[in-house]
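Worksheet: the structure to be examined is printed underneath.
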Amino acid sequence: MTLNRPVHPDPYDLLPQVPSFTVTSSDVTDGEPLTGDQVNAEGDTSPQLSWSDVPEGTQSFTVTCFDPDAPTPSGFWHWVLVDLPADVTSLEAGAGAERADLPGNAFMCRNDGGSKAFMGAAPPEGDQVHRYYFVVHAVREESLGVDSDASPAVVSFNLAFKTAGRAILHGTYQH
């Protein structure tokens with residue numbers, strides 16, 4: 001079965017504009033296909049990420065991975081990492097593993113697959129190319145004000161009011 005759907009807009013174009021900063025990865029090339037390690041059936045390994053030139057006043061970071069092209073009205077959240085300390089400017093590959101040793105008071109919320117970890121790309125067989133947005137959100141407060149039981153939607157709602165800047169890198173994947 002082939003799902004024939006229109007491509008969804010860039011979800012971050014729909015949010016209030018905030019300053020951007022730089023995010024890079026040794027594992028993800030912007031706009032290019034993800035490697036096997038970042039695929040659900042092959043690795044479920046969160047990519048290495050580094051960021052710089054963050055907005056002044058940043059108190060913490062939230063890192064997310066979102067697929068707006070999932071065949072649902074709400075897309076699919078693959079990773080939600082909250083309350084990274086402001087002095088953290090990179091994550092090694094695999095930092096999104098369940099029970100990972102995270103710095104400071106950082107924690108992961110449940111992804112749409114049900115685990116408090118990174119879940120790799122998993123578009124349905126025969127579906128269109130999916131986009132995976134890896135986003136580092138610079139937060140104006142030390143804590144986003146949620147706990148690990150918060151849904152990705154609640155995390156995103158809080159980010160709407162506390163984001164000082166956003167750095168975006170996206171990969172693609174199709175079976």
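Chain lettering (A, B, ...) mirrors the order of the structure tokens, residue numbering begins at 1 for each chain separately, and ligand numbering begins at 1 in order of display.
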| request: Would you mind listing what lies within 9 Å of Thr89 (chain A) as number ranges by chain, with only C-alpha atoms counted and same-chain residues fewer than 4 positions away left out? | output: A: 49-52, 85
Please write the residues from the selection above to a file, keeping N, CA and C atoms, as a tab-separated table (two decimals), in the first residue's frame.
```tsv
chain	number	residue	atom	x	y	z
A	49	LEU	N	25.29	15.59	18.31
A	49	LEU	CA	24.88	16.97	18.03
A	49	LEU	C	25.80	17.93	18.76
A	50	SER	N	26.14	19.03	18.11
A	50	SER	CA	26.91	20.12	18.74
A	50	SER	C	26.25	21.42	18.36
A	51	TRP	N	26.25	22.40	19.27
A	51	TRP	CA	25.65	23.69	18.96
A	51	TRP	C	26.51	24.82	19.50
A	52	SER	N	26.35	25.98	18.84
A	52	SER	CA	27.15	27.15	19.19
A	52	SER	C	26.38	28.42	18.85
A	85	PRO	N	21.67	21.42	31.03
A	85	PRO	CA	22.29	22.63	31.57
A	85	PRO	C	22.84	23.53	30.45
```
| said: For a test of reading the model, state the distance in Å between CA of Val129 (chain A) and CA of Leu81 (chain A), rounded to one decimal. | reply: 24.9 Å
Report the closest atom pair, with its distance in Å rounded to one decimal, for each residue of region 30-54 of chain A that has an atom no farther than 10 Å from region 108-126 of chain A; count only C-alpha atoms, sort by chain and then rising residue number, and write it as JSON lines.
```
{"residue": "A:Leu34", "atom": "CA", "partner": "A:Ala121", "partner_atom": "CA", "distance": 8.1}
{"residue": "A:Thr35", "atom": "CA", "partner": "A:Ala121", "partner_atom": "CA", "distance": 9.7}
{"residue": "A:Gly36", "atom": "CA", "partner": "A:Gly120", "partner_atom": "CA", "distance": 8.9}
{"residue": "A:Asp37", "atom": "CA", "partner": "A:Gly120", "partner_atom": "CA", "distance": 7.8}
{"residue": "A:Gln38", "atom": "CA", "partner": "A:Gly120", "partner_atom": "CA", "distance": 4.8}
{"residue": "A:Val39", "atom": "CA", "partner": "A:Gly120", "partner_atom": "CA", "distance": 4.2}
{"residue": "A:Asn40", "atom": "CA", "partner": "A:Gly120", "partner_atom": "CA", "distance": 3.9}
{"residue": "A:Ala41", "atom": "CA", "partner": "A:Ala122", "partner_atom": "CA", "distance": 7.5}
{"residue": "A:Glu42", "atom": "CA", "partner": "A:Gly120", "partner_atom": "CA", "distance": 8.3}
{"residue": "A:Gly43", "atom": "CA", "partner": "A:Gly120", "partner_atom": "CA", "distance": 7.1}
{"residue": "A:Asp44", "atom": "CA", "partner": "A:Gly120", "partner_atom": "CA", "distance": 4.4}
{"residue": "A:Thr45", "atom": "CA", "partner": "A:Gly120", "partner_atom": "CA", "distance": 6.7}
{"residue": "A:Ser46", "atom": "CA", "partner": "A:Phe118", "partner_atom": "CA", "distance": 5.8}
{"residue": "A:Pro47", "atom": "CA", "partner": "A:Phe118", "partner_atom": "CA", "distance": 9.4}
```
| task | Compile the contact shell of Ser20 (chain A) as a ChimeraX atom specification: residues with an atom at most 9 Å away, counting only C-alpha atoms, same-chain residues fewer than 3 positions apart removed. | result | /A:17,53-55,164-168
| request: Write out as JSON, numbers by chain all residues of chain A that DSSP puts in alpha helix (DSSP H) for this structure's backbone. | output: {"A": [152, 153, 154, 155, 156, 157, 158, 159, 160, 161, 162]}
| Which of these, A:Ser26, A:Phe76, A:Glu32, A:Phe61, has the shortest distance to Ala153 (chain A) once you count only C-alpha atoms? |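 So, comparing all the options, the nearest one is A:Phe76.
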| said: Report as JSON, numbers by chain all protein, DNA and RNA residues lying within 8 Å of Arg131 (chain A), evaluated on only C-alpha atoms, omitting residues in the same chain fewer than 5 positions from it. | reply: {"A": [67, 68, 69, 170, 171, 172, 173]}
Would you put the residues from that selection into a file with N, CA and C atoms, as a short mmCIF file (atom, residue, chain, number, x, y, z; two decimals), in the first residue's frame?
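Below you can see part_21.cif, which holds the result:
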```cif
data_model
loop_
_atom_site.label_atom_id
_atom_site.label_comp_id
_atom_site.auth_asym_id
_atom_site.auth_seq_id
_atom_site.Cartn_x
_atom_site.Cartn_y
_atom_site.Cartn_z
N ASP A 67 8.90 14.19 13.48
CA ASP A 67 8.58 13.81 12.11
C ASP A 67 7.20 14.36 11.77
N PRO A 68 7.13 15.47 11.01
CA PRO A 68 5.82 16.02 10.67
C PRO A 68 5.11 15.22 9.58
N ASP A 69 5.81 14.28 8.94
CA ASP A 69 5.26 13.55 7.80
C ASP A 69 4.62 12.21 8.18
N HIS A 170 17.78 18.84 9.87
CA HIS A 170 16.84 17.76 9.55
C HIS A 170 17.43 16.75 8.58
N GLY A 171 17.12 15.50 8.88
CA GLY A 171 17.47 14.40 8.00
C GLY A 171 16.20 13.84 7.41
N THR A 172 16.36 12.94 6.46
CA THR A 172 15.20 12.32 5.81
C THR A 172 15.33 10.80 5.89
N TYR A 173 14.22 10.12 5.66
CA TYR A 173 14.28 8.67 5.57
C TYR A 173 13.05 8.14 4.87
#
```
| task | Using DSSP on the backbone coordinates, identify the residues of chain A assigned to strand (DSSP E); present them as a count of residues only. | result | 50
| task | Counting only C-alpha atoms, figure out which residue out of A:Ser151, A:Ser143, A:Gln174, A:Gln48 gets nearest to His78 (chain A). | result |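 So, comparing all the options, the nearest one is A:Ser151.
Here CA of Pro71 (chain A) stands at a distance of 17.2 Å from CA of Pro152 (chain A).
Distances here use only C-alpha atoms; by that measure, the residue among A:Ser90, A:Gln59, A:Thr24, A:Thr64 closest to Ala138 (chain A) is A:Gln59.
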